[in-house]
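Structure file start-v7.csv (CSV, C-alpha atoms) is printed below.
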chain,number,residue,atom,x,y,z
A,167,MET,CA,12.3,18.1,-19.4
A,168,THR,CA,9.1,16.2,-19.7
A,169,GLU,CA,7.3,16.1,-23.0
A,170,GLN,CA,4.0,17.9,-23.4
A,171,GLN,CA,1.0,16.1,-22.0
A,172,VAL,CA,-1.9,15.2,-24.2
A,173,ALA,CA,-4.6,17.8,-23.7
A,174,LEU,CA,-8.0,16.4,-22.7
A,175,GLN,CA,-10.5,17.0,-25.4
A,176,GLU,CA,-14.2,16.7,-24.8
A,177,LYS,CA,-16.0,14.9,-27.6
A,178,LYS,CA,-18.0,17.3,-29.8
A,179,GLU,CA,-21.5,16.1,-30.0
A,180,LEU,CA,-23.4,17.2,-33.2
A,181,LYS,CA,-26.6,19.2,-32.9
A,182,PRO,CA,-28.6,17.9,-35.9
A,183,GLU,CA,-30.7,20.4,-37.9
A,184,GLU,CA,-33.2,17.8,-38.9
A,185,GLU,CA,-34.6,14.8,-37.1
A,186,ARG,CA,-32.4,11.7,-37.3
A,187,THR,CA,-33.8,8.4,-38.2
A,188,GLU,CA,-31.0,6.4,-36.6
A,189,ALA,CA,-30.6,5.8,-32.9
A,190,GLY,CA,-27.6,6.8,-31.0
A,191,ARG,CA,-25.5,9.9,-30.5
A,192,PHE,CA,-23.4,11.5,-33.2
A,193,PHE,CA,-20.0,13.1,-32.7
A,194,SER,CA,-17.8,15.2,-34.9
A,195,PRO,CA,-14.4,13.5,-35.1
A,196,TYR,CA,-11.2,15.5,-34.3
A,197,THR,CA,-9.6,16.1,-37.7
A,198,ASP,CA,-6.3,17.2,-39.1
A,199,ILE,CA,-6.0,18.3,-42.7
A,200,HIS,CA,-2.6,18.4,-44.4
A,201,GLU,CA,-1.7,19.2,-47.9
A,202,THR,CA,1.3,17.9,-49.8
A,203,ALA,CA,2.4,18.5,-53.4
A,204,GLU,CA,0.3,15.6,-54.6
A,205,ALA,CA,-2.6,15.2,-52.3
A,206,VAL,CA,-4.8,16.6,-49.4
A,207,ILE,CA,-4.7,14.2,-46.4
A,208,VAL,CA,-7.6,14.2,-43.9
A,209,SER,CA,-7.0,12.3,-40.6
A,210,MET,CA,-10.0,11.7,-38.4
A,211,GLU,CA,-10.1,10.2,-34.9
A,212,MET,CA,-12.8,7.6,-34.8
A,213,PRO,CA,-12.1,5.3,-31.9
A,214,GLY,CA,-14.1,2.1,-31.7
A,215,VAL,CA,-15.1,2.1,-35.4
A,216,ASP,CA,-14.3,-1.1,-37.3
A,217,LYS,CA,-12.9,-0.8,-40.9
A,218,SER,CA,-16.1,-2.4,-42.2
A,219,ALA,CA,-18.3,0.2,-40.4
A,220,ILE,CA,-16.9,3.2,-42.2
A,221,ASP,CA,-18.9,4.8,-45.0
A,222,ILE,CA,-17.3,7.4,-47.2
A,223,ARG,CA,-19.3,9.0,-49.9
A,224,LEU,CA,-18.6,11.8,-52.4
A,225,ASP,CA,-21.6,13.4,-53.8
A,226,LYS,CA,-21.7,16.8,-55.7
A,227,GLY,CA,-18.3,17.8,-54.3
A,228,VAL,CA,-19.3,17.0,-50.7
A,229,LEU,CA,-17.4,14.3,-48.9
A,230,THR,CA,-19.3,12.6,-46.1
A,231,VAL,CA,-17.5,10.3,-43.7
A,232,LYS,CA,-19.5,8.2,-41.3
A,233,GLY,CA,-18.3,5.7,-38.8
A,234,THR,CA,-20.6,3.5,-36.8
A,235,VAL,CA,-19.5,2.1,-33.5
A,236,ASP,CA,-20.4,-1.4,-32.4
A,237,ALA,CA,-22.6,-0.9,-29.3
A,238,GLY,CA,-23.0,-4.6,-28.9
A,239,ARG,CA,-19.7,-4.9,-27.0
A,240,TYR,CA,-21.2,-3.1,-24.1
A,241,ASP,CA,-24.2,-5.4,-23.8
A,242,ALA,CA,-23.0,-7.6,-21.0
A,243,LEU,CA,-21.5,-4.7,-19.0
A,244,ARG,CA,-23.0,-2.6,-16.3
A,245,PRO,CA,-21.6,1.0,-16.2
A,246,ILE,CA,-20.4,2.1,-12.8
A,247,TYR,CA,-18.4,5.2,-13.8
A,248,ALA,CA,-18.3,7.2,-17.0
A,249,GLU,CA,-16.2,10.0,-18.4
A,250,TYR,CA,-17.1,10.0,-22.0
A,251,ASN,CA,-20.0,9.1,-24.3
A,252,VAL,CA,-19.9,6.5,-27.0
A,253,GLY,CA,-21.5,7.2,-30.3
A,254,ASN,CA,-21.1,7.3,-34.1
A,255,PHE,CA,-19.0,9.8,-35.9
A,256,VAL,CA,-20.0,11.9,-38.9
A,257,ARG,CA,-18.4,14.8,-40.7
A,258,THR,CA,-18.8,16.4,-44.1
A,259,PHE,CA,-16.2,18.3,-46.1
A,260,THR,CA,-16.5,20.3,-49.3
A,261,VAL,CA,-14.0,19.0,-51.8
A,262,SER,CA,-12.4,21.3,-54.3
A,263,THR,CA,-12.9,20.5,-58.0
A,264,LYS,CA,-9.1,20.2,-58.2
A,265,ILE,CA,-9.4,16.8,-56.5
A,266,ASP,CA,-9.3,13.6,-58.6
A,267,SER,CA,-12.4,12.1,-57.1
A,268,ALA,CA,-11.9,8.7,-58.8
A,269,ALA,CA,-8.6,8.2,-57.0
A,270,ILE,CA,-9.6,9.0,-53.4
A,271,SER,CA,-8.3,6.3,-51.1
A,272,ALA,CA,-8.8,5.6,-47.3
A,273,SER,CA,-7.1,3.6,-44.6
A,274,VAL,CA,-7.7,3.1,-40.9
A,275,ALA,CA,-5.2,2.4,-38.2
A,276,ASP,CA,-5.6,2.5,-34.4
A,277,GLY,CA,-8.9,4.3,-34.6
A,278,VAL,CA,-7.7,7.0,-37.0
A,279,LEU,CA,-9.1,7.1,-40.5
A,280,THR,CA,-6.9,8.7,-43.1
A,281,VAL,CA,-8.5,9.8,-46.4
A,282,THR,CA,-6.2,10.7,-49.2
A,283,LEU,CA,-7.6,13.1,-51.8
A,284,PRO,CA,-5.1,13.2,-54.7
A,285,LYS,CA,-5.0,16.4,-56.7
A,286,ALA,CA,-6.1,16.2,-60.3
A,287,ALA,CA,-3.3,16.2,-62.8
A,288,GLU,CA,-4.0,19.8,-63.9
A,289,ALA,CA,-3.9,21.0,-60.3
A,290,VAL,CA,-0.4,19.7,-59.5
A,291,ALA,CA,1.9,22.7,-59.7
A,292,LYS,CA,4.4,22.4,-62.6
A,293,ARG,CA,7.8,23.8,-62.5
A,294,ILE,CA,8.5,25.8,-65.6
A,295,ALA,CA,12.1,25.8,-66.8
A,296,VAL,CA,13.5,29.1,-67.9
A,297,ASN,CA,15.5,28.9,-71.1
B,134,MET,CA,31.0,29.9,-3.6
B,135,VAL,CA,29.4,31.4,-6.6
B,136,VAL,CA,26.0,30.1,-7.5
B,137,ARG,CA,25.3,30.8,-11.1
B,138,MET,CA,21.6,31.1,-11.9
B,139,ARG,CA,20.5,30.3,-15.4
B,140,ASP,CA,17.0,31.7,-15.6
B,141,PRO,CA,15.4,32.1,-12.2
B,142,PHE,CA,11.9,31.8,-13.7
B,143,ALA,CA,12.8,28.5,-15.4
B,144,THR,CA,13.7,27.0,-12.0
B,145,LEU,CA,10.5,28.4,-10.5
B,146,ALA,CA,8.5,27.0,-13.4
B,147,ALA,CA,10.0,23.5,-12.9
B,148,VAL,CA,9.1,23.6,-9.2
B,149,GLN,CA,5.6,24.6,-10.0
B,150,ARG,CA,5.3,21.8,-12.5
B,151,ALA,CA,6.6,19.3,-10.0
B,152,MET,CA,4.2,20.7,-7.4
B,153,ASP,CA,1.2,20.5,-9.8
B,154,SER,CA,2.0,16.9,-10.7
B,155,ALA,CA,2.4,15.9,-7.1
B,156,MET,CA,-0.9,17.5,-6.2
B,157,GLY,CA,-2.6,15.9,-9.1
B,158,GLY,CA,-0.8,12.6,-8.6
B,159,ASP,CA,-1.4,9.8,-6.1
B,160,TRP,CA,1.8,10.5,-4.1
B,161,PHE,CA,-0.1,11.9,-1.1
B,162,GLY,CA,-3.5,10.4,-1.5
B,163,THR,CA,-4.7,6.9,-2.0
B,164,ARG,CA,-7.5,7.9,-4.4
B,165,THR,CA,-7.8,8.2,-8.2
B,166,ALA,CA,-5.9,9.9,-10.9
B,167,GLY,CA,-2.2,10.5,-11.3
B,168,GLY,CA,-0.6,13.0,-13.7
B,169,GLY,CA,-3.5,14.0,-15.7
B,170,ALA,CA,-7.0,13.4,-16.9
B,171,TYR,CA,-6.1,11.8,-20.3
B,172,PRO,CA,-7.3,9.3,-21.4
B,173,PRO,CA,-10.9,9.6,-20.2
B,174,VAL,CA,-12.2,6.2,-19.0
B,175,ASN,CA,-15.4,4.4,-18.6
B,176,VAL,CA,-15.6,1.7,-15.9
B,177,PHE,CA,-18.0,-1.2,-16.1
B,178,ASN,CA,-18.9,-4.2,-13.9
B,179,GLU,CA,-18.9,-7.6,-15.5
B,180,GLY,CA,-20.1,-10.0,-12.9
B,181,GLU,CA,-17.5,-9.6,-10.1
B,182,ASP,CA,-14.9,-8.1,-12.3
B,183,PHE,CA,-14.1,-4.6,-13.5
B,184,VAL,CA,-13.8,-3.5,-17.1
B,185,VAL,CA,-12.0,-0.2,-17.9
B,186,VAL,CA,-12.4,1.2,-21.4
B,187,ALA,CA,-10.4,4.1,-22.7
B,188,GLU,CA,-10.4,5.7,-26.2
B,189,LEU,CA,-6.9,6.3,-27.4
B,190,PRO,CA,-7.2,7.1,-31.1
B,191,GLY,CA,-3.8,7.4,-32.8
B,192,VAL,CA,-1.8,5.7,-30.1
B,193,ARG,CA,0.2,2.7,-31.3
B,194,LYS,CA,-0.1,-0.5,-29.3
B,195,GLU,CA,3.7,-0.6,-28.7
B,196,ASP,CA,3.5,3.0,-27.2
B,197,LEU,CA,1.0,1.8,-24.6
B,198,ASP,CA,2.0,0.6,-21.2
B,199,VAL,CA,-0.7,-0.8,-18.8
B,200,GLN,CA,0.3,-1.7,-15.2
B,201,VAL,CA,-1.6,-3.2,-12.3
B,202,ARG,CA,-0.6,-3.2,-8.7
B,203,GLY,CA,-2.8,-3.8,-5.7
B,204,ASP,CA,-6.0,-1.9,-6.4
B,205,THR,CA,-4.6,0.5,-9.0
B,206,LEU,CA,-4.4,0.5,-12.8
B,207,ARG,CA,-1.9,2.7,-14.6
B,208,ILE,CA,-2.3,3.6,-18.2
B,209,LYS,CA,0.7,5.4,-19.7
B,210,GLY,CA,2.1,6.0,-23.1
B,211,LYS,CA,2.5,8.6,-25.8
B,212,LYS,CA,0.5,9.7,-28.7
B,213,THR,CA,2.4,10.9,-31.8
B,214,LEU,CA,1.1,12.4,-35.0
B,215,ALA,CA,3.1,11.4,-38.0
B,216,TYR,CA,2.8,13.7,-41.0
B,217,GLU,CA,5.0,14.4,-43.9
B,218,PRO,CA,7.4,17.1,-42.8
B,219,LYS,CA,6.8,19.1,-45.9
B,220,ALA,CA,3.1,19.1,-45.8
B,221,SER,CA,1.2,22.3,-45.1
B,222,VAL,CA,-1.4,22.3,-42.3
B,223,HIS,CA,-4.9,23.3,-43.1
B,224,ARG,CA,-6.6,22.2,-39.9
B,225,ARG,CA,-5.2,21.0,-36.6
B,226,GLU,CA,-7.6,19.6,-34.0
B,227,ARG,CA,-5.9,16.4,-32.9
B,228,ALA,CA,-3.8,16.6,-29.7
B,229,ALA,CA,-0.6,14.7,-29.1
B,230,GLY,CA,1.9,14.2,-26.3
B,231,GLU,CA,2.5,11.9,-23.4
B,232,PHE,CA,0.0,10.6,-20.9
B,233,ASP,CA,0.1,8.8,-17.6
B,234,ARG,CA,-3.0,8.1,-15.6
B,235,THR,CA,-3.6,6.0,-12.5
B,236,LEU,CA,-7.0,4.8,-11.4
B,237,THR,CA,-7.8,3.4,-8.1
B,238,LEU,CA,-10.5,0.7,-8.1
B,239,PRO,CA,-12.7,-0.1,-5.1
B,240,ALA,CA,-11.2,-3.6,-4.7
B,241,GLN,CA,-7.8,-5.4,-4.8
B,242,LEU,CA,-7.1,-6.8,-8.2
B,243,ASP,CA,-5.6,-10.1,-9.3
B,244,ALA,CA,-2.7,-8.7,-11.4
B,245,SER,CA,-1.9,-12.1,-12.9
B,246,LYS,CA,-5.4,-12.5,-14.4
B,247,VAL,CA,-5.6,-9.0,-15.9
B,248,ALA,CA,-6.2,-9.0,-19.7
B,249,ALA,CA,-5.8,-5.9,-21.9
B,250,GLU,CA,-7.0,-5.6,-25.5
B,251,TYR,CA,-6.4,-2.8,-27.9
B,252,LYS,CA,-8.4,-2.5,-31.1
B,253,ASP,CA,-9.5,0.3,-33.3
B,254,GLY,CA,-8.1,2.9,-30.9
B,255,VAL,CA,-10.0,1.5,-27.9
B,256,LEU,CA,-8.2,0.0,-24.9
B,257,THR,CA,-10.2,-2.5,-22.9
B,258,VAL,CA,-8.7,-3.8,-19.6
B,259,ARG,CA,-10.4,-6.6,-17.8
B,260,LEU,CA,-9.6,-6.6,-14.1
B,261,PRO,CA,-10.6,-9.6,-12.0
B,262,ARG,CA,-11.0,-9.1,-8.3
B,263,ALA,CA,-8.4,-10.7,-6.1
B,264,GLU,CA,-9.5,-14.0,-4.6
B,265,SER,CA,-9.5,-12.5,-1.1
B,266,GLU,CA,-12.1,-9.8,-2.3
B,267,ARG,CA,-14.6,-12.3,-3.7
B,268,PRO,CA,-17.8,-12.8,-1.7
B,269,ARG,CA,-18.1,-16.2,-0.1
B,270,SER,CA,-21.4,-17.8,0.8
B,271,VAL,CA,-21.6,-18.8,4.4
B,272,ALA,CA,-23.3,-22.0,5.4
B,273,ILE,CA,-26.0,-21.3,7.9
B,274,ASN,CA,-26.2,-23.9,10.7
B,275,GLY,CA,-29.3,-24.4,12.6

Spell out the structure here as C-alpha cells.
Amino acid sequence: MTEQQVALQEKKELKPEEERTEAGRFFSPYTDIHETAEAVIVSMEMPGVDKSAIDIRLDKGVLTVKGTVDAGRYDALRPIYAEYNVGNFVRTFTVSTKIDSAAISASVADGVLTVTLPKAAEAVAKRIAVN
Amino acid sequence: MVVRMRDPFATLAAVQRAMDSAMGGDWFGTRTAGGGAYPPVNVFNEGEDFVVVAELPGVRKEDLDVQVRGDTLRIKGKKTLAYEPKASVHRRERAAGEFDRTLTLPAQLDASKVAAEYKDGVLTVRLPRAESERPRSVAING
C-alpha cells in the first residue's frame, strides 16, 4: 500500500499585538517538541532561512527564536503564480527552570532548526537502588 | 470457483483511493497537479525562463526527485521525521509522508538545461523554454 501523503499545511501568519518596526510578514514555524531523558528537543520548520540569519535568545525563562529570510533572492524574478507567502519566522517558548540554560545548543539542516535544551543536573531522574 | 474475499471494504477503499488519485492526477487531463497539493509552489518569470520555488523543510536532498518532460515538471519525494524512538512527544505540528506533484507550464521546456538547487529547505528549479518556444524577431522588408 502507498505510504501516507504529506498533508498540505497553510503557513500560520502571526497577528502582532503591537506595531512592528520591521518590514515583512511574520509566520509561526511548525514545531515538534520531544523530550528524552537528558534534554528537550525543539524542531522548527524554517525554510529559506540561512544559518547566519537565525537569532535565538533566552531572557527571563523565555526562549525567542527568530529566522529572517533573504528576500533579495526574489529581486530579479517576476511572480506569475503563487501558492504561499514568504516571510520571517518567529516563535517564543517558556523554558522551565529545570533547563540548563548555559548548555542550550542549536543546529540547522534542510530548513529545520533543532534547539536542544539539556536538563539541569538536578532535573535528570535518578534511579535509586534498593538495598 | 471460490472467490475468497478478505475485507470487502478494504478493496472498496483501494478503488476509491485509485479513483481519487486518477481524478486529481494528470492521467485524463493535460493541465496541472498530479497526486496532491504538496509542496505548494511559487512560479516566477526570469526573462524568458520560468523559476519554480517550493518550500520543503525537513526533506533531505537525496529524498528529492525532480523530473522534466515536455512542458511538465514533477516534484516527488518523501519527508521523514527522525526522532529518538524513546523520546516522549510534547507537541506535534510537522507533517511527514510522501509527495508527488506535477505542474504543467505554459511552454515546452528544454529539459537538458533545467537546473535545480536545494538549500535551507527551499527547492529552486530553473526551467528554460525550449528553443522552439522562444520568440524570434522578424525582419521587416519594405

Inset, instruction - Name all residues at most 7 Å from Ser221 in chain B (count all atoms listed in the file; drop same-chain ones fewer than 3 positions away) and give them as a ChimeraX atom specification. - result: /A:200-202

Prev. selection, C-alpha atoms, output as a CSV table (one decimal), in the coordinates of the input:
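This is the output file again_39.csv:
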chain,number,residue,atom,x,y,z
A,200,HIS,CA,-2.6,18.4,-44.4
A,201,GLU,CA,-1.7,19.2,-47.9
A,202,THR,CA,1.3,17.9,-49.8

Inset, instruction - Give the residues of chain B that lie within 7 Å of chain A; count all atoms listed in the file, and format the answer as a PyMOL selection string. - result: chain B and resi 170-171+173-179+188-193+219-232+252-255

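When CA of Phe259 in chain A is paired with CA of Ala187 in chain B, their separation reads 28.0 Å.
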
Inset, instruction - Tell me which of A:Gly238, A:Pro284, A:Gly190, A:Gly233 sits closest to Thr258 in chain A, counting only C-alpha atoms. - result: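 Among the listed residues, the smallest separation from Thr258 in chain A belongs to A:Gly233.
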
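Here CA of Phe183 in chain B stands at a distance of 14.9 Å from CA of Val199 in chain B.
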
Generate the missing atoms of range 243-278 of chain A up to N, CA and C atoms and report them as a CSV table (one decimal), in the coordinates of the input.
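Written file, part.csv:
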chain,number,residue,atom,x,y,z
A,243,LEU,N,-22.1,-5.5,-20.1
A,243,LEU,CA,-21.5,-4.7,-19.0
A,243,LEU,C,-22.4,-3.8,-18.3
A,244,ARG,N,-22.1,-3.5,-17.1
A,244,ARG,CA,-23.0,-2.6,-16.3
A,244,ARG,C,-22.1,-1.4,-16.0
A,245,PRO,N,-22.5,-0.2,-16.5
A,245,PRO,CA,-21.6,1.0,-16.2
A,245,PRO,C,-21.6,1.4,-14.8
A,246,ILE,N,-20.5,1.7,-14.2
A,246,ILE,CA,-20.4,2.1,-12.8
A,246,ILE,C,-19.8,3.5,-12.8
A,247,TYR,N,-19.0,3.9,-13.8
A,247,TYR,CA,-18.4,5.2,-13.8
A,247,TYR,C,-18.1,5.6,-15.2
A,248,ALA,N,-18.5,6.8,-15.6
A,248,ALA,CA,-18.3,7.2,-17.0
A,248,ALA,C,-17.7,8.6,-17.2
A,249,GLU,N,-16.8,8.7,-18.1
A,249,GLU,CA,-16.2,10.0,-18.4
A,249,GLU,C,-16.4,10.5,-19.8
A,250,TYR,N,-16.8,9.6,-20.6
A,250,TYR,CA,-17.1,10.0,-22.0
A,250,TYR,C,-18.3,9.2,-22.6
A,251,ASN,N,-18.9,9.7,-23.6
A,251,ASN,CA,-20.0,9.1,-24.3
A,251,ASN,C,-19.5,8.3,-25.5
A,252,VAL,N,-20.2,7.3,-25.8
A,252,VAL,CA,-19.9,6.5,-27.0
A,252,VAL,C,-20.9,6.8,-28.0
A,253,GLY,N,-20.5,7.0,-29.3
A,253,GLY,CA,-21.5,7.2,-30.3
A,253,GLY,C,-20.8,7.1,-31.7
A,254,ASN,N,-21.6,7.4,-32.7
A,254,ASN,CA,-21.1,7.3,-34.1
A,254,ASN,C,-20.5,8.6,-34.4
A,255,PHE,N,-19.7,8.6,-35.5
A,255,PHE,CA,-19.0,9.8,-35.9
A,255,PHE,C,-19.5,10.1,-37.3
A,256,VAL,N,-19.7,11.4,-37.6
A,256,VAL,CA,-20.0,11.9,-38.9
A,256,VAL,C,-19.5,13.3,-39.1
A,257,ARG,N,-19.0,13.5,-40.3
A,257,ARG,CA,-18.4,14.8,-40.7
A,257,ARG,C,-18.5,14.9,-42.2
A,258,THR,N,-18.8,16.2,-42.6
A,258,THR,CA,-18.8,16.4,-44.1
A,258,THR,C,-17.8,17.5,-44.4
A,259,PHE,N,-17.2,17.3,-45.6
A,259,PHE,CA,-16.2,18.3,-46.1
A,259,PHE,C,-16.6,18.7,-47.5
A,260,THR,N,-16.3,19.9,-47.9
A,260,THR,CA,-16.5,20.3,-49.3
A,260,THR,C,-15.2,20.1,-50.0
A,261,VAL,N,-15.2,19.3,-51.1
A,261,VAL,CA,-14.0,19.0,-51.8
A,261,VAL,C,-13.9,19.9,-53.0
A,262,SER,N,-12.7,20.4,-53.2
A,262,SER,CA,-12.4,21.3,-54.3
A,262,SER,C,-12.5,20.5,-55.6
A,263,THR,N,-12.8,21.2,-56.7
A,263,THR,CA,-12.9,20.5,-58.0
A,263,THR,C,-11.5,20.1,-58.5
A,264,LYS,N,-10.5,20.5,-57.8
A,264,LYS,CA,-9.1,20.2,-58.2
A,264,LYS,C,-8.7,18.8,-57.7
A,265,ILE,N,-9.6,18.1,-57.0
A,265,ILE,CA,-9.4,16.8,-56.5
A,265,ILE,C,-9.8,15.7,-57.6
A,266,ASP,N,-9.0,14.7,-57.7
A,266,ASP,CA,-9.3,13.6,-58.6
A,266,ASP,C,-10.2,12.7,-57.9
A,267,SER,N,-11.5,12.8,-58.0
A,267,SER,CA,-12.4,12.1,-57.1
A,267,SER,C,-12.4,10.6,-57.3
A,268,ALA,N,-12.0,10.2,-58.5
A,268,ALA,CA,-11.9,8.7,-58.8
A,268,ALA,C,-10.8,8.0,-58.1
A,269,ALA,N,-9.8,8.8,-57.6
A,269,ALA,CA,-8.6,8.2,-57.0
A,269,ALA,C,-8.5,8.4,-55.5
A,270,ILE,N,-9.6,8.8,-54.9
A,270,ILE,CA,-9.6,9.0,-53.4
A,270,ILE,C,-9.4,7.6,-52.8
A,271,SER,N,-8.6,7.6,-51.8
A,271,SER,CA,-8.3,6.3,-51.1
A,271,SER,C,-8.4,6.5,-49.6
A,272,ALA,N,-8.7,5.5,-48.8
A,272,ALA,CA,-8.8,5.6,-47.3
A,272,ALA,C,-8.2,4.4,-46.6
A,273,SER,N,-7.6,4.7,-45.4
A,273,SER,CA,-7.1,3.6,-44.6
A,273,SER,C,-7.4,3.9,-43.2
A,274,VAL,N,-7.4,2.9,-42.4
A,274,VAL,CA,-7.7,3.1,-40.9
A,274,VAL,C,-6.6,2.3,-40.1
A,275,ALA,N,-6.1,3.0,-39.1
A,275,ALA,CA,-5.2,2.4,-38.2
A,275,ALA,C,-5.3,2.9,-36.8
A,276,ASP,N,-5.4,2.1,-35.8
A,276,ASP,CA,-5.6,2.5,-34.4
A,276,ASP,C,-6.7,3.5,-34.2
A,277,GLY,N,-7.8,3.4,-34.8
A,277,GLY,CA,-8.9,4.3,-34.6
A,277,GLY,C,-8.8,5.6,-35.3
A,278,VAL,N,-7.8,5.7,-36.2
A,278,VAL,CA,-7.7,7.0,-37.0
A,278,VAL,C,-7.9,6.7,-38.5
